[in-house]
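Asks: Sharing coords-v1.cif (mmCIF, C-alpha atoms) below.
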data_input
loop_
_atom_site.label_atom_id
_atom_site.label_comp_id
_atom_site.auth_asym_id
_atom_site.auth_seq_id
_atom_site.Cartn_x
_atom_site.Cartn_y
_atom_site.Cartn_z
CA MET E 118 -14.51 143.20 108.21
CA GLU E 119 -16.51 139.97 107.95
CA TYR E 120 -13.32 137.98 108.45
CA ILE E 121 -12.44 139.85 111.66
CA ILE E 122 -15.92 139.19 113.03
CA ILE E 123 -15.63 135.50 112.07
CA ILE E 124 -12.25 135.13 113.77
CA ILE E 125 -13.15 136.90 117.03
CA SER E 126 -16.45 135.05 117.34
CA ALA E 127 -14.84 131.64 116.67
CA VAL E 128 -11.80 132.08 118.92
CA PHE E 129 -13.32 133.84 121.93
CA VAL E 130 -17.10 134.21 121.94
CA ASN E 131 -18.10 130.75 120.70
CA ASN E 132 -14.97 128.98 121.88
CA ILE E 133 -15.33 125.45 120.61
CA LEU E 134 -14.27 123.79 123.86
CA LEU E 135 -15.61 126.01 126.56
CA SER E 136 -18.91 127.07 125.07
CA GLN E 137 -19.76 124.44 122.43
CA PHE E 138 -18.34 121.37 124.19
CA LEU E 139 -16.64 119.86 121.15
CA GLY E 140 -13.34 118.01 121.57
CA VAL E 141 -13.60 117.62 125.33
CA CYS E 142 -12.00 114.13 125.30
CA PRO E 143 -8.56 115.27 124.02
CA PHE E 144 -8.95 118.38 126.18
CA LEU E 145 -9.10 116.23 129.32
CA GLY E 146 -6.87 113.48 127.97
CA VAL E 147 -3.71 115.13 126.64
CA SER E 148 -3.64 118.42 128.53
CA ASN E 149 -1.34 117.23 131.30
CA ARG E 150 1.75 118.91 129.85
CA SER E 151 2.09 122.10 127.82
CA SER E 152 4.26 120.45 125.16
CA THR E 153 1.70 117.76 124.29
CA ALA E 154 -1.07 120.36 124.36
CA ILE E 155 0.81 122.45 121.79
CA GLY E 156 1.43 119.39 119.55
CA MET E 157 -2.21 118.36 119.68
CA SER E 158 -3.44 121.89 118.94
CA GLY E 159 -1.16 122.10 115.91
CA ALA E 160 -2.40 118.79 114.55
CA VAL E 161 -6.04 119.77 115.11
CA MET E 162 -5.60 123.11 113.35
CA PHE E 163 -3.99 121.45 110.33
CA VAL E 164 -6.63 118.73 110.00
CA MET E 165 -9.60 120.97 110.79
CA ALA E 166 -8.75 123.49 108.05
CA LEU E 167 -8.12 120.74 105.46
CA ALA E 168 -11.18 118.72 106.49
CA THR E 169 -13.49 121.73 106.30
CA LEU E 170 -12.13 122.57 102.84
CA CYS E 171 -12.89 119.02 101.62
CA THR E 172 -16.28 118.62 103.31
CA TRP E 173 -17.44 122.07 102.07
CA LEU E 174 -16.60 121.00 98.52
CA LEU E 175 -18.28 117.61 99.05
CA HIS E 176 -21.43 119.29 100.38
CA TYR E 177 -21.84 121.97 97.71
CA CYS E 178 -20.40 120.13 94.67
CA VAL E 179 -21.75 116.60 95.26
CA LEU E 180 -24.45 116.28 97.93
CA VAL E 181 -26.53 119.38 97.08
CA PRO E 182 -26.58 118.93 93.25
CA LEU E 183 -27.57 115.28 93.67
CA GLY E 184 -30.17 116.15 96.33
CA ILE E 185 -28.78 113.66 98.85
CA GLU E 186 -28.00 115.94 101.80
CA PHE E 187 -29.09 113.19 104.20
CA MET E 188 -25.87 111.34 103.33
CA GLN E 189 -23.93 114.16 105.01
CA THR E 190 -22.98 112.27 108.18
CA VAL E 191 -21.69 109.19 106.33
CA GLY E 192 -19.92 111.23 103.64
CA PHE E 193 -18.24 113.65 106.02
CA ILE E 194 -16.86 111.02 108.38
CA LEU E 195 -15.49 108.99 105.47
CA VAL E 196 -13.78 112.05 103.99
CA ILE E 197 -12.28 112.96 107.37
CA ALA E 198 -11.05 109.43 108.07
CA ALA E 199 -9.47 109.14 104.62
CA LEU E 200 -7.95 112.60 104.90
CA VAL E 201 -6.31 111.88 108.26
CA GLN E 202 -4.80 108.66 106.86
CA MET E 203 -3.50 110.50 103.80
CA VAL E 204 -2.03 113.37 105.82
CA GLU E 205 -0.23 110.82 107.98
CA ILE E 206 1.31 109.05 104.95
CA ILE E 207 2.29 112.30 103.20
CA LEU E 208 3.80 113.84 106.34
CA LYS E 209 5.87 110.74 106.96
CA LYS E 210 7.39 111.00 103.45
CA VAL E 211 7.68 114.76 103.02
CA SER E 212 8.47 116.14 106.45
CA PRO E 213 9.72 113.60 109.00
CA ALA E 214 10.35 116.44 111.50
CA LEU E 215 6.74 117.59 111.42
CA TYR E 216 5.61 113.96 111.51
CA GLN E 217 7.66 113.48 114.68
CA ALA E 218 5.87 116.42 116.27
CA LEU E 219 2.28 115.77 115.14
CA GLY E 220 2.30 112.08 114.14
CA ILE E 221 1.17 110.47 117.37
CA PHE E 222 -1.83 112.81 117.59
CA LEU E 223 -3.15 112.16 114.07
CA PRO E 224 -4.94 108.83 114.65
CA LEU E 225 -6.68 110.37 117.67
CA ILE E 226 -8.09 113.13 115.50
CA THR E 227 -10.38 110.93 113.35
CA THR E 228 -12.59 110.41 116.38
CA ASN E 229 -12.15 113.96 117.65
CA CYS E 230 -15.70 115.24 117.50
CA ALA E 231 -14.48 118.83 117.06
CA VAL E 232 -13.34 118.10 113.48
CA LEU E 233 -16.63 116.54 112.34
CA GLY E 234 -18.57 119.05 114.45
CA VAL E 235 -16.99 122.09 112.81
CA ALA E 236 -17.36 120.56 109.32
CA ILE E 237 -21.12 120.09 109.91
CA LEU E 238 -21.58 123.43 111.68
CA VAL E 239 -20.00 125.38 108.84
CA VAL E 240 -22.33 124.07 106.12
CA ASN E 241 -25.51 123.79 108.21
CA LYS E 242 -25.61 127.00 110.19
CA GLU E 243 -26.34 130.50 108.92
CA PHE E 244 -23.94 132.99 110.46
CA THR E 245 -25.15 136.43 111.47
CA PHE E 246 -23.17 139.46 110.34
CA PRO E 247 -24.17 143.09 110.86
CA GLY E 248 -26.87 143.72 108.29
CA ALA E 249 -27.30 140.20 106.96
CA SER E 250 -27.02 136.52 107.77
CA HIS E 251 -25.97 133.92 105.25
CA TYR E 252 -24.18 130.61 104.77
CA LEU E 253 -20.38 130.83 104.60
CA ASN E 254 -18.50 130.64 101.30
CA LEU E 255 -15.43 128.46 100.83
CA ALA E 256 -12.82 131.01 101.96
CA GLN E 257 -14.86 132.03 105.00
CA SER E 258 -15.38 128.37 105.92
CA VAL E 259 -11.66 127.65 105.93
CA VAL E 260 -10.97 130.83 107.93
CA ILE E 261 -13.61 129.97 110.53
CA ALA E 262 -12.33 126.38 110.83
CA THR E 263 -8.79 127.66 111.43
CA ALA E 264 -10.12 130.17 113.96
CA TYR E 265 -12.12 127.49 115.80
CA ALA E 266 -8.95 125.39 115.94
CA ALA E 267 -7.02 128.40 117.26
CA GLY E 268 -9.67 128.76 119.99
CA PHE E 269 -9.26 125.06 120.78
CA GLY E 270 -5.49 125.57 121.00
CA LEU E 271 -5.84 128.66 123.19
CA ALA E 272 -8.12 126.92 125.71
CA MET E 273 -6.03 123.75 125.63
CA ILE E 274 -2.66 125.48 126.24
CA LEU E 275 -4.03 127.73 129.01
CA PHE E 276 -5.60 124.69 130.63
CA ALA E 277 -2.39 122.65 130.38
CA GLY E 278 -0.57 125.45 132.19
CA ILE E 279 -3.11 125.35 135.01
CA ARG E 280 -2.93 121.56 135.24
CA GLU E 281 0.85 121.63 135.55
CA GLN E 282 0.38 123.84 138.61
CA LEU E 283 -2.40 121.58 139.94
CA ASP E 284 0.05 118.66 140.07
CA LEU E 285 2.01 120.49 142.74
CA VAL E 286 -0.84 120.96 145.21
CA GLU E 287 -2.56 118.56 147.57
CA VAL E 288 -5.95 117.75 146.03
CA PRO E 289 -8.50 115.76 148.13
CA ALA E 290 -8.55 112.08 147.06
CA SER E 291 -12.05 112.08 145.55
CA PHE E 292 -11.28 115.19 143.47
CA ARG E 293 -8.09 113.85 141.87
CA GLY E 294 -7.90 113.43 138.10
CA THR E 295 -10.97 114.17 135.99
CA PRO E 296 -13.22 115.85 138.62
CA ILE E 297 -10.79 118.65 139.51
CA ALA E 298 -10.00 119.10 135.79
CA LEU E 299 -13.72 119.52 135.03
CA ILE E 300 -14.22 122.04 137.84
CA THR E 301 -11.17 124.02 136.66
CA ALA E 302 -12.57 123.96 133.11
CA GLY E 303 -15.86 125.30 134.50
CA ILE E 304 -14.11 128.29 136.04
CA MET E 305 -12.27 128.88 132.75
CA ALA E 306 -15.59 128.71 130.89
CA MET E 307 -16.90 131.45 133.22
CA ALA E 308 -13.94 133.63 132.27
CA PHE E 309 -14.66 133.05 128.56
CA MET E 310 -18.31 134.05 129.12
CA GLY E 311 -16.96 137.56 129.59
CA PHE E 312 -16.41 137.70 125.82
CA ALA E 313 -20.14 137.24 125.13
CA GLY E 314 -21.62 140.14 123.22
CA ILE E 315 -18.47 141.69 121.75
CA VAL E 316 -19.49 140.75 118.21
CA MET G 1290 -27.60 88.30 129.94
CA ILE G 1291 -28.96 90.21 132.96
CA LYS G 1292 -25.39 90.60 134.20
CA GLN G 1293 -24.39 92.21 130.89
CA ILE G 1294 -27.17 94.76 131.25
CA THR G 1295 -26.45 95.71 134.89
CA ASN G 1296 -22.71 95.78 134.17
CA GLY G 1297 -23.12 98.84 131.95
CA ILE G 1298 -25.30 100.68 134.44
CA ILE G 1299 -22.98 100.64 137.48
CA LYS G 1300 -19.68 98.78 137.19
CA GLU G 1301 -18.76 100.06 133.72
CA ASN G 1302 -20.87 103.21 133.73
CA PRO G 1303 -19.68 105.06 130.60
CA THR G 1304 -19.83 108.54 132.12
CA PHE G 1305 -18.67 108.18 135.71
CA VAL G 1306 -16.36 105.15 135.55
CA LEU G 1307 -15.00 105.00 131.99
CA VAL G 1308 -15.22 108.81 131.44
CA LEU G 1309 -16.22 108.42 127.76
CA GLY G 1310 -18.55 110.51 125.64
CA MET G 1311 -17.95 113.74 127.53
CA CYS G 1312 -19.04 116.06 124.72
CA PRO G 1313 -22.74 115.07 124.63
CA THR G 1314 -22.73 114.70 128.43
CA LEU G 1315 -21.73 118.34 128.80
CA GLY G 1316 -23.44 119.75 125.73
CA THR G 1317 -26.97 118.37 125.88
CA THR G 1318 -27.81 118.19 129.60
CA THR G 1319 -29.43 121.59 129.98
CA SER G 1320 -32.53 119.80 131.30
CA ALA G 1321 -33.43 116.29 132.45
CA LEU G 1322 -35.56 115.68 129.34
CA ASN G 1323 -32.84 116.77 126.91
CA GLY G 1324 -30.29 114.55 128.68
CA MET G 1325 -32.69 111.62 128.52
CA GLY G 1326 -33.41 112.24 124.83
CA MET G 1327 -29.71 112.27 124.00
CA GLY G 1328 -29.17 109.10 126.07
CA LEU G 1329 -31.98 107.25 124.31
CA ALA G 1330 -30.74 108.36 120.88
CA THR G 1331 -27.29 106.95 121.71
CA LEU G 1332 -28.90 103.77 123.08
CA PHE G 1333 -30.73 103.26 119.77
CA VAL G 1334 -27.51 103.52 117.75
CA LEU G 1335 -25.52 101.47 120.25
CA VAL G 1336 -27.90 98.47 120.26
CA LEU G 1337 -28.31 98.38 116.46
CA SER G 1338 -24.64 98.93 115.63
CA ASN G 1339 -23.55 96.34 118.22
CA MET G 1340 -25.93 93.79 116.63
CA ALA G 1341 -24.88 94.57 113.06
CA ILE G 1342 -21.17 94.52 113.88
CA SER G 1343 -21.39 91.29 115.84
CA ALA G 1344 -23.17 89.71 112.83
CA VAL G 1345 -20.61 90.79 110.20
CA ALA G 1346 -17.36 91.07 112.21
CA ALA G 1347 -16.11 87.65 111.16
CA HIS G 1348 -16.23 88.65 107.47
CA ILE G 1349 -14.35 91.97 107.78
CA PRO G 1350 -10.57 91.86 107.23
CA GLY G 1351 -8.68 93.10 110.30
CA LYS G 1352 -6.97 95.99 108.54
CA VAL G 1353 -10.11 97.81 107.44
CA ARG G 1354 -12.26 96.99 110.45
CA ILE G 1355 -12.27 100.47 112.04
CA PRO G 1356 -13.42 102.29 108.85
CA ALA G 1357 -15.97 99.52 108.27
CA TYR G 1358 -17.35 99.92 111.81
CA ILE G 1359 -17.52 103.70 111.38
CA VAL G 1360 -19.55 103.33 108.18
CA ILE G 1361 -21.98 100.92 109.88
CA ILE G 1362 -22.37 103.30 112.82
CA ALA G 1363 -22.79 106.31 110.50
CA ALA G 1364 -25.54 104.46 108.60
CA PHE G 1365 -27.53 103.89 111.81
CA VAL G 1366 -26.98 107.51 112.87
CA THR G 1367 -28.44 108.63 109.53
CA VAL G 1368 -31.48 106.38 110.13
CA LEU G 1369 -31.85 107.96 113.58
CA GLN G 1370 -31.55 111.49 112.14
CA LEU G 1371 -34.31 110.84 109.61
CA LEU G 1372 -36.57 109.21 112.25
CA MET G 1373 -36.07 112.07 114.71
CA GLN G 1374 -36.67 114.70 112.02
CA ALA G 1375 -39.98 113.00 111.25
CA TYR G 1376 -41.31 112.13 114.72
CA THR G 1377 -39.56 114.33 117.31
CA PRO G 1378 -38.63 117.51 115.39
CA ALA G 1379 -38.49 119.67 118.55
CA LEU G 1380 -35.98 117.40 120.30
CA TYR G 1381 -33.99 117.10 117.06
CA GLU G 1382 -33.71 120.92 116.94
CA THR G 1383 -32.55 121.16 120.58
CA LEU G 1384 -29.95 118.39 120.41
CA GLY G 1385 -28.81 119.74 117.03
CA LEU G 1386 -25.19 119.03 116.21
CA PHE G 1387 -24.87 116.32 118.85
CA ILE G 1388 -27.06 113.84 116.93
CA PRO G 1389 -24.70 113.46 113.91
CA LEU G 1390 -21.80 113.52 116.38
CA ILE G 1391 -22.94 110.15 117.82
CA VAL G 1392 -20.80 108.74 114.98
CA VAL G 1393 -17.62 109.86 116.72
CA ASN G 1394 -18.84 109.09 120.25
CA CYS G 1395 -16.07 106.91 121.67
CA ILE G 1396 -18.61 104.77 123.58
CA VAL G 1397 -20.18 103.42 120.39
CA LEU G 1398 -16.94 102.60 118.57
CA GLY G 1399 -15.39 101.39 121.84
CA ARG G 1400 -18.15 98.82 122.45
CA ALA G 1401 -17.98 97.68 118.81
CA GLU G 1402 -14.26 97.02 119.11
CA ALA G 1403 -14.16 95.71 122.68
CA PHE G 1404 -17.32 93.63 122.82
CA ALA G 1405 -19.50 93.25 119.71
CA ALA G 1406 -16.67 92.12 117.40
CA ARG G 1407 -15.95 89.01 119.47
CA ASN G 1408 -19.31 88.06 120.99
CA PRO G 1409 -22.54 86.52 119.65
CA LEU G 1410 -25.48 88.62 118.49
CA ALA G 1411 -27.75 88.36 121.57
CA ALA G 1412 -24.96 89.11 124.05
CA SER G 1413 -23.88 92.13 121.97
CA ALA G 1414 -27.43 93.47 121.91
CA CYS G 1415 -27.62 93.13 125.73
CA ASP G 1416 -24.24 94.83 126.12
CA GLY G 1417 -25.42 97.72 123.94
CA LEU G 1418 -28.63 97.94 125.95
CA GLY G 1419 -26.75 97.96 129.28
CA ILE G 1420 -24.15 100.56 128.30
CA GLY G 1421 -26.86 102.63 126.59
CA LEU G 1422 -29.04 102.54 129.72
CA GLY G 1423 -26.05 103.49 131.89
CA PHE G 1424 -25.35 106.44 129.58
CA THR G 1425 -29.04 107.47 129.56
CA LEU G 1426 -29.25 107.33 133.37
CA SER G 1427 -26.10 109.42 133.87
CA LEU G 1428 -27.20 111.99 131.30
CA THR G 1429 -30.65 112.22 132.90
CA LEU G 1430 -29.02 112.64 136.33
CA VAL G 1431 -26.67 115.42 135.16
CA GLY G 1432 -29.60 117.06 133.32
CA ALA G 1433 -31.86 116.82 136.38
CA VAL G 1434 -29.27 118.42 138.70
CA ARG G 1435 -28.56 121.22 136.22
CA GLU G 1436 -32.27 121.85 135.60
CA LEU G 1437 -33.05 121.89 139.33
CA LEU G 1438 -30.21 124.30 140.17
CA GLY G 1439 -30.42 126.32 137.00
CA SER G 1440 -34.13 126.83 136.43
CA GLY G 1441 -35.70 125.44 139.62
CA ALA G 1442 -37.64 122.76 137.77
CA LEU G 1443 -37.52 119.02 137.15
CA PHE G 1444 -38.64 117.42 133.85
CA GLY G 1445 -40.22 120.78 133.04
CA LEU G 1446 -42.32 120.95 136.24
CA PRO G 1447 -41.50 124.02 138.37
CA ILE G 1448 -40.36 123.01 141.88
CA VAL G 1449 -38.59 126.02 143.35
CA ALA G 1450 -40.51 129.28 143.23
CA GLY G 1451 -38.64 132.12 141.54
CA GLY G 1452 -36.49 130.01 139.22
CA GLY G 1453 -32.85 129.13 139.80
CA ILE G 1454 -29.24 130.16 139.31
CA THR G 1455 -28.91 130.60 135.53
CA ILE G 1456 -25.18 129.83 135.38
CA PHE G 1457 -25.94 126.11 135.91
CA VAL G 1458 -27.83 125.94 132.61
CA LEU G 1459 -24.99 127.76 130.82
CA ALA G 1460 -21.64 126.30 129.75
CA PRO G 1461 -19.67 126.69 133.05
CA GLY G 1462 -22.44 124.96 135.00
CA ALA G 1463 -22.07 121.85 132.83
CA PHE G 1464 -18.41 121.40 133.75
CA ILE G 1465 -18.93 122.18 137.43
CA VAL G 1466 -22.01 119.96 137.96
CA LEU G 1467 -20.39 117.00 136.17
CA GLY G 1468 -17.18 117.52 138.18
CA PHE G 1469 -18.99 117.48 141.52
CA LEU G 1470 -21.18 114.50 140.55
CA MET G 1471 -17.99 112.59 139.72
CA VAL G 1472 -16.56 113.49 143.13
CA LEU G 1473 -19.73 112.12 144.73
CA PHE G 1474 -19.52 108.92 142.65
CA ASN G 1475 -15.85 108.45 143.65
CA LYS G 1476 -16.68 109.06 147.32
CA ILE G 1477 -19.47 106.46 147.31
CA SER G 1478 -17.45 103.80 145.49
CA ARG G 1479 -14.50 104.42 147.87
CA SER G 1480 -16.58 104.00 151.01
CA ARG G 1481 -18.02 100.74 149.64
CA GLN G 1482 -14.61 99.12 149.21
#
Spell out the structure here as structure tokens.

Replies:
Amino acid sequence: MEYIIIIISAVFVNNILLSQFLGVCPFLGVSNRSSTAIGMSGAVMFVMALATLCTWLLHYCVLVPLGIEFMQTVGFILVIAALVQMVEIILKKVSPALYQALGIFLPLITTNCAVLGVAILVVNKEFTFPGASHYLNLAQSVVIATAYAAGFGLAMILFAGIREQLDLVEVPASFRGTPIALITAGIMAMAFMGFAGIV
Amino acid sequence: MIKQITNGIIKENPTFVLVLGMCPTLGTTTSALNGMGMGLATLFVLVLSNMAISAVAAHIPGKVRIPAYIVIIAAFVTVLQLLMQAYTPALYETLGLFIPLIVVNCIVLGRAEAFAARNPLAASACDGLGIGLGFTLSLTLVGAVRELLGSGALFGLPIVAGGGITIFVLAPGAFIVLGFLMVLFNKISRSRQ
């Protein structure tokens, strides 16, 4: 039951893009075509789940026992940067097809604030479940990271579809590009507000 | 020197011209004061990291420069986190996640790579100050518009009786206000040309 609550809240209610504003740069940058949006979402989901696994272990097995939680920011970003590099090298060797699909997005992900944001959120925030609120364990952390990434993918792919349509209409000169994209995202965020309160 | 400072405020304004650092711009501007706090926090990191990177850039091998810059930036962000926890705990609570996320703010790493790595110390400090001020001003502006429309106040002082339209303080309002401010900025810079 807890897992269902975690997934629904991460995908819809607290959608990472439209209600927490994490990962807005790739959202505006690579959402021009559906195919790139799908590739980016896949890469983010892969890295986010792996990164959360590693940073959770780093936090609870190294930083907390040594009493140096203030090193969290430095430690987490180093782990994520190293991880992205490693994933890139391994993918290139093991699965050239997957590398073809996700490869160009991987370097962009190190500076994607959604990855670091979710890693920090998962260890720092107590989540509320019916009856109790507590910090997430390792399995729950990985599930929530994957769900957040799925929410990112959902918003990104829907938005790419809308932007493909927007290319076909006459937009006033001052609205072209980022402004109209932001206003569209605002209307989408309103739609996602409808999910508030289900869990 | 003066030119470097004004450059960041208007010609290379990080929010409206370069469209960088969108996450904190959308996420922390629920009021003018919060926007300003976030802007000043970024300014602090930007000036110090620009100075440190300009001082050591010549000694860092090209291949590892990006990870090295990220570690320098992360160190200053940690200093900022500890300072804010000690002296402005309320603001630290409100800005929350967005303070550690300054590490991955593209403005900071972008200035390190594009300016600080190949310019002397004083010029890099001025560049950081200019871009930081430009970022602070845009965040304060977005925050002020959202606060005025959303809660009918400005810097916490009530202006419109009966409050405002709550949606502007919530997530959709952030996207819409920033979108329309960008339209306005485009319109003005077009008519000037």

Asks: Within 8 Å of chain E, which residues of chain G show up when using all atoms listed in the file, listed as JSON, numbers by chain?

Replies: {"G": [1309, 1310, 1311, 1312, 1313, 1315, 1316, 1356, 1359, 1360, 1363, 1364, 1366, 1367, 1371, 1386, 1389, 1390, 1392, 1393, 1394, 1395, 1460, 1461, 1462, 1463, 1464, 1465, 1467, 1468, 1469, 1471, 1472, 1473, 1475, 1476]}

Asks: Given the file shown, determine the residues that the PyMOL selection byres ((chain E and resi 247-264) around 7) selects; report them as a ChimeraX atom specification.

Replies: /E:123-124,127-128,162,165-166,169-170,173,235,239-240,242-246,265-268

Asks: Name the residues in contact with segment 1328-1345 of chain G at a cut-off of 10 Å, using all atoms listed in the file, excluding same-chain residues fewer than 5 positions from it; report them as a ChimeraX atom specification.

Replies: /G:1313-1314,1317-1318,1322-1323,1354,1357-1359,1361-1370,1373,1388,1391-1392,1394,1396-1398,1400-1402,1404-1429

Asks: Quick one: which residues end up in the PyMOL selection byres ((chain E and resi 280-284) around 9) for this structure, as a PDB file with C-alpha atoms, in the coordinates of the input?

Replies:
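Contents of out37.pdb, freshly written:
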ATOM      1  CA  SER E 148      -3.640 118.420 128.530  1.00  0.00           C
ATOM      2  CA  ASN E 149      -1.340 117.230 131.300  1.00  0.00           C
ATOM      3  CA  ARG E 150       1.750 118.910 129.850  1.00  0.00           C
ATOM      4  CA  SER E 151       2.090 122.100 127.820  1.00  0.00           C
ATOM      5  CA  LEU E 275      -4.030 127.730 129.010  1.00  0.00           C
ATOM      6  CA  PHE E 276      -5.600 124.690 130.630  1.00  0.00           C
ATOM      7  CA  ALA E 277      -2.390 122.650 130.380  1.00  0.00           C
ATOM      8  CA  GLY E 278      -0.570 125.450 132.190  1.00  0.00           C
ATOM      9  CA  ILE E 279      -3.110 125.350 135.010  1.00  0.00           C
ATOM     10  CA  LEU E 285       2.010 120.490 142.740  1.00  0.00           C
ATOM     11  CA  VAL E 286      -0.840 120.960 145.210  1.00  0.00           C
ATOM     12  CA  GLU E 287      -2.560 118.560 147.570  1.00  0.00           C
ATOM     13  CA  VAL E 288      -5.950 117.750 146.030  1.00  0.00           C
ATOM     14  CA  ILE E 297     -10.790 118.650 139.510  1.00  0.00           C
ATOM     15  CA  ALA E 298     -10.000 119.100 135.790  1.00  0.00           C
ATOM     16  CA  THR E 301     -11.170 124.020 136.660  1.00  0.00           C
TER      17      THR E 301
END

Asks: Please, what distance in Å, to one decimal, runs between atom CA of Ser1480 of chain G and atom CA of Gln1293 of chain G?

Replies: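 About the pair atom CA of Ser1480 of chain G and atom CA of Gln1293 of chain G: they are 24.6 Å apart.
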
Asks: Could you list the residues chosen by the PyMOL selection byres ((chain G and resi 1455) around 10) in this structure as an mmCIF file with C-alpha atoms, keeping the file's coordinate frame?

Replies:
data_model
loop_
_atom_site.group_PDB
_atom_site.id
_atom_site.type_symbol
_atom_site.label_atom_id
_atom_site.label_comp_id
_atom_site.auth_asym_id
_atom_site.auth_seq_id
_atom_site.Cartn_x
_atom_site.Cartn_y
_atom_site.Cartn_z
ATOM 1 C CA ARG G 1435 -28.560 121.220 136.220
ATOM 2 C CA GLU G 1436 -32.270 121.850 135.600
ATOM 3 C CA LEU G 1438 -30.210 124.300 140.170
ATOM 4 C CA GLY G 1439 -30.420 126.320 137.000
ATOM 5 C CA SER G 1440 -34.130 126.830 136.430
ATOM 6 C CA GLY G 1441 -35.700 125.440 139.620
ATOM 7 C CA GLY G 1452 -36.490 130.010 139.220
ATOM 8 C CA GLY G 1453 -32.850 129.130 139.800
ATOM 9 C CA ILE G 1454 -29.240 130.160 139.310
ATOM 10 C CA ILE G 1456 -25.180 129.830 135.380
ATOM 11 C CA PHE G 1457 -25.940 126.110 135.910
ATOM 12 C CA VAL G 1458 -27.830 125.940 132.610
ATOM 13 C CA LEU G 1459 -24.990 127.760 130.820
ATOM 14 C CA GLY G 1462 -22.440 124.960 135.000
#

Asks: Can you tell me, as a list in words, what residues are no more than 10 Å from Ala313 of chain E when counting all atoms listed in the file, ignoring any on the same chain fewer than 5 positions away?

Replies: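 Result of the neighbour search: Ser126, Phe129, Val130 and Asn131 of chain E.
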
Asks: For atom CA of Gly156 of chain E and atom CA of Ala236 of chain E, determine how far apart the two atoms are, in Å to one decimal place.

Replies: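 Separation of atom CA of Gly156 of chain E and atom CA of Ala236 of chain E: 21.4 Å.
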
Asks: Rounded to one decimal, what separation in Å do you get between atom CA of Thr1377 of chain G and atom CA of Ile1448 of chain G?

Replies: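 Result for atom CA of Thr1377 of chain G versus atom CA of Ile1448 of chain G: 26.1 Å, one decimal.
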